[in-house]
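A.B. asks: Following this message is one structure expressed as structure tokens.
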Amino acid sequence: MKDQGTPVPVDGFRAVAIDADWPESRQFMGSGYNRVTGDIHVHLWFGSASHDPEVEHVIVFSASSGNAKAGEALEDALEDYCYPDEGLPVGLPASEPVTVTADGEPVTFELWRNSSTPYWVARGRVGSTEVVLSGSGTEPGELRLVRVNDLSAYSAPIASLPAREAISVAMGSDLQATPSGQLQVEEADTALRTLRDIAARNAALGGPGRELHGEEADAMMRALRHIAQNAGPAGQLGAES
């Protein structure tokens, strides 16, 4: 997380997330906080544990009002999801309105679709938070968004856990530093869920002989490496008590 000093609570800002009924993995992808300007942003993933963009998923980018990162996130999402081959056209493409439920109330977002794939991108505001959504496999109008300030329930690599906690504190959460043993448990849980997700997809798509490529192969290798590095003498994960 790129910041200027230790985050302090930022009045009014809350990250936007999908409500607790979301059935798949929810993960912390990154954040930023500039103590000088007050700009803050949070990046969350809702989908498979292995970050597979080919299956149902939604990426939620939240930024404080006026934060230039929101515009950058929109351009990146449009280029990746709606214009992956030809690149983003000059000027913002025409959008259509879509109603999204946020904190129990209907909110109008701008919506862009990929004409040849199920991918879409949407932009709107929830309270004072600027939001960019991108995803596929689910319709944006079916989403139920909520504002949160505690990201402790979101999986993250060990290296990202301090940033996850710091940004939660900056949003006013009373989240405390996670003990090292708990960090190992959380990372092991993420690794095991990644392997289960890949195994289930293999069974559905081609059985044990199916080859892994790209992000899926990388995710599996990271999970196996973590398990190998943190296994105890008896093959158990975590530190000895």
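Each chain of the structure tokens is named A, B, ... in the order shown, its residues numbered from 1; ligands are numbered from 1 in display order.
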What's the 9 Å shell around range 40-44 of chain A, counting only C-alpha atoms, without same-chain residues fewer than 6 positions away, as a list in words?
C.D. replies: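 With the cut-off at 9 Å, the set is Val10, Phe13, Ala15, Val16, Ala17, Arg26, Gln27, Phe28, Met29, Gly30, Ser31, Gly32, Tyr33, Asn34, Val58, Ile59, Val60, Phe61, Ser62, Ala63, Ser64, Ser65, Asn67, Lys69, Ala70, Tyr154, Ile167 and Ala170 of chain A.
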A.B. asks: Which polymer residues have any atom within 10 Å of an atom of Gly141 in chain A, counting only C-alpha atoms, with same-chain residues fewer than 4 positions away left out, as a list in words?
C.D. replies: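 The residues satisfying every condition are Pro97, Val98, Thr99, Val100, Thr101, Pro106, Val107, Thr108, Phe109 and Leu111 of chain A.
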A.B. asks: Rounded to one decimal in Å, what is the spacing between CA of Ser50 in chain A and CA of Ser25 in chain A?
C.D. replies: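 Distance between the two atoms: 9.0 Å.
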A.B. asks: Residues at most 7 Å from Cys82 in chain A, counting only C-alpha atoms, excluding those fewer than 2 positions away in the same chain, as a list in words?
C.D. replies: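 The residues that qualify are Leu78, Glu79, Asp80, Pro84, Arg113, Asn114, Tyr119 and Trp120 of chain A.
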A.B. asks: When you count only C-alpha atoms, which of these residues is closest to Ala156 in chain A: A:Trp45, A:Asp85, A:Gly172, A:Glu24?
C.D. replies: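 Residue with the minimum atom-to-atom distance to Ala156 in chain A: A:Trp45.
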A.B. asks: Any idea what's packed within 10 Å of Glu54 in chain A, counting only C-alpha atoms, ignoring anything in its chain fewer than 2 positions away? Could you give it as number ranges by chain?
C.D. replies: A: 47-48, 51-52, 56-57, 118-119, 135-137
A.B. asks: How would the residues just chosen look if you wrote them out with C-alpha atoms as a PDB file, in the first residue's frame?
C.D. replies:
ATOM      1  CA  GLY A  47     -15.150 -14.832  -7.019  1.00  0.00           C
ATOM      2  CA  SER A  48     -13.070 -17.994  -7.105  1.00  0.00           C
ATOM      3  CA  HIS A  51      -8.886 -15.310  -9.080  1.00  0.00           C
ATOM      4  CA  ASP A  52     -10.212 -17.062 -12.185  1.00  0.00           C
ATOM      5  CA  GLU A  56     -18.598 -15.735 -11.958  1.00  0.00           C
ATOM      6  CA  HIS A  57     -16.877 -12.835 -10.229  1.00  0.00           C
ATOM      7  CA  PRO A 118     -20.545 -11.464 -20.729  1.00  0.00           C
ATOM      8  CA  TYR A 119     -18.124  -8.944 -19.188  1.00  0.00           C
ATOM      9  CA  GLY A 135     -17.367  -8.631 -13.546  1.00  0.00           C
ATOM     10  CA  SER A 136     -19.150 -11.403 -15.386  1.00  0.00           C
ATOM     11  CA  GLY A 137     -21.438 -14.338 -14.644  1.00  0.00           C
TER      12      GLY A 137
END
A.B. asks: Return the single residue from A:Arg147, A:Arg14, A:Arg123, A:Arg164 that is closest to Glu75 in chain A, with distances computed using only C-alpha atoms.
C.D. replies: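 For Glu75 in chain A, the nearest of the given residues is A:Arg123.
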A.B. asks: Please measure the separation of CA of Pro23 in chain A and CA of Leu143 in chain A, giving the value in Å to one decimal.
C.D. replies: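 So the answer is 12.2 Å.
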A.B. asks: Hey, what does DSSP flag as strand (DSSP E or B) within range 12-211 of chain A? Can you give it to me as a ChimeraX atom specification?
C.D. replies: /A:15-18,25-33,40-47,57-64,96-102,105-113,120-126,129-136,144-148,155
A.B. asks: Keeping C-alpha atoms for every residue in the selection just given, could you write it to a file as a compact mmCIF listing (two decimals), in the first residue's frame?
C.D. replies:
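Written out: again-v8.txt:
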# COMPACT_ATOMS: atom_id res chain seq x y z
CA ALA A 15 -15.26 0.64 1.28
CA VAL A 16 -18.09 -0.85 -0.75
CA ALA A 17 -18.53 -4.63 -0.81
CA ILE A 18 -21.07 -7.25 -1.87
CA SER A 25 -14.51 -16.27 -1.99
CA ARG A 26 -14.01 -12.64 -0.98
CA GLN A 27 -10.48 -11.29 -1.04
CA PHE A 28 -8.54 -8.10 -0.31
CA MET A 29 -6.59 -7.12 -3.43
CA GLY A 30 -4.95 -3.91 -2.28
CA SER A 31 -5.45 -0.38 -1.03
CA GLY A 32 -3.89 3.05 -0.86
CA TYR A 33 -3.97 5.94 1.60
CA ILE A 40 -8.00 6.54 0.02
CA HIS A 41 -8.99 3.54 -2.07
CA VAL A 42 -9.73 -0.16 -1.57
CA HIS A 43 -9.71 -3.01 -4.10
CA LEU A 44 -11.78 -6.17 -3.37
CA TRP A 45 -12.35 -9.42 -5.29
CA PHE A 46 -15.49 -11.55 -5.13
CA GLY A 47 -15.15 -14.83 -7.02
CA HIS A 57 -16.88 -12.83 -10.23
CA VAL A 58 -17.11 -9.15 -9.36
CA ILE A 59 -14.26 -6.72 -8.65
CA VAL A 60 -15.19 -3.73 -6.48
CA PHE A 61 -12.97 -0.64 -6.45
CA SER A 62 -13.86 2.02 -3.86
CA ALA A 63 -12.30 5.48 -3.66
CA SER A 64 -12.80 8.63 -1.64
CA GLU A 96 -26.65 2.85 -20.12
CA PRO A 97 -28.22 3.24 -16.67
CA VAL A 98 -28.57 0.30 -14.31
CA THR A 99 -30.11 0.23 -10.84
CA VAL A 100 -27.99 -1.37 -8.12
CA THR A 101 -29.10 -1.90 -4.53
CA ALA A 102 -26.69 -0.24 -2.07
CA GLU A 105 -31.59 1.65 -1.39
CA PRO A 106 -31.73 1.80 -5.22
CA VAL A 107 -28.78 3.66 -6.74
CA THR A 108 -28.29 4.43 -10.43
CA PHE A 109 -24.95 3.37 -11.92
CA GLU A 110 -23.53 3.87 -15.41
CA LEU A 111 -23.10 0.53 -17.21
CA TRP A 112 -20.85 -0.53 -20.09
CA ARG A 113 -21.01 -4.00 -21.67
CA TRP A 120 -19.38 -5.58 -17.95
CA VAL A 121 -18.20 -2.48 -16.07
CA ALA A 122 -20.28 -0.11 -13.93
CA ARG A 123 -19.59 3.18 -12.13
CA GLY A 124 -21.54 5.01 -9.45
CA ARG A 125 -21.51 6.48 -5.97
CA VAL A 126 -22.58 4.98 -2.68
CA THR A 129 -17.67 6.67 -1.96
CA GLU A 130 -16.90 6.49 -5.67
CA VAL A 131 -17.33 2.90 -6.92
CA VAL A 132 -16.17 1.01 -10.01
CA LEU A 133 -17.55 -2.50 -10.51
CA SER A 134 -16.39 -5.02 -13.11
CA GLY A 135 -17.37 -8.63 -13.55
CA SER A 136 -19.15 -11.40 -15.39
CA ARG A 144 -26.60 -5.94 -3.22
CA LEU A 145 -23.84 -3.61 -2.08
CA VAL A 146 -22.99 -2.58 1.47
CA ARG A 147 -20.45 -0.21 2.97
CA VAL A 148 -17.89 -1.76 5.32
CA SER A 155 -8.60 -13.31 2.59
A.B. asks: Interatomic distance between CA of Ala68 in chain A and CA of Gly38 in chain A?
C.D. replies: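 Separating CA of Ala68 in chain A from CA of Gly38 in chain A is a distance of 11.8 Å.
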A.B. asks: From range 107-179 of chain A, collect each residue whose DSSP state is alpha helix (DSSP H) and return the set as JSON, numbers by chain.
C.D. replies: {"A": [161, 162, 163, 164, 165, 166, 167, 168, 169, 170]}
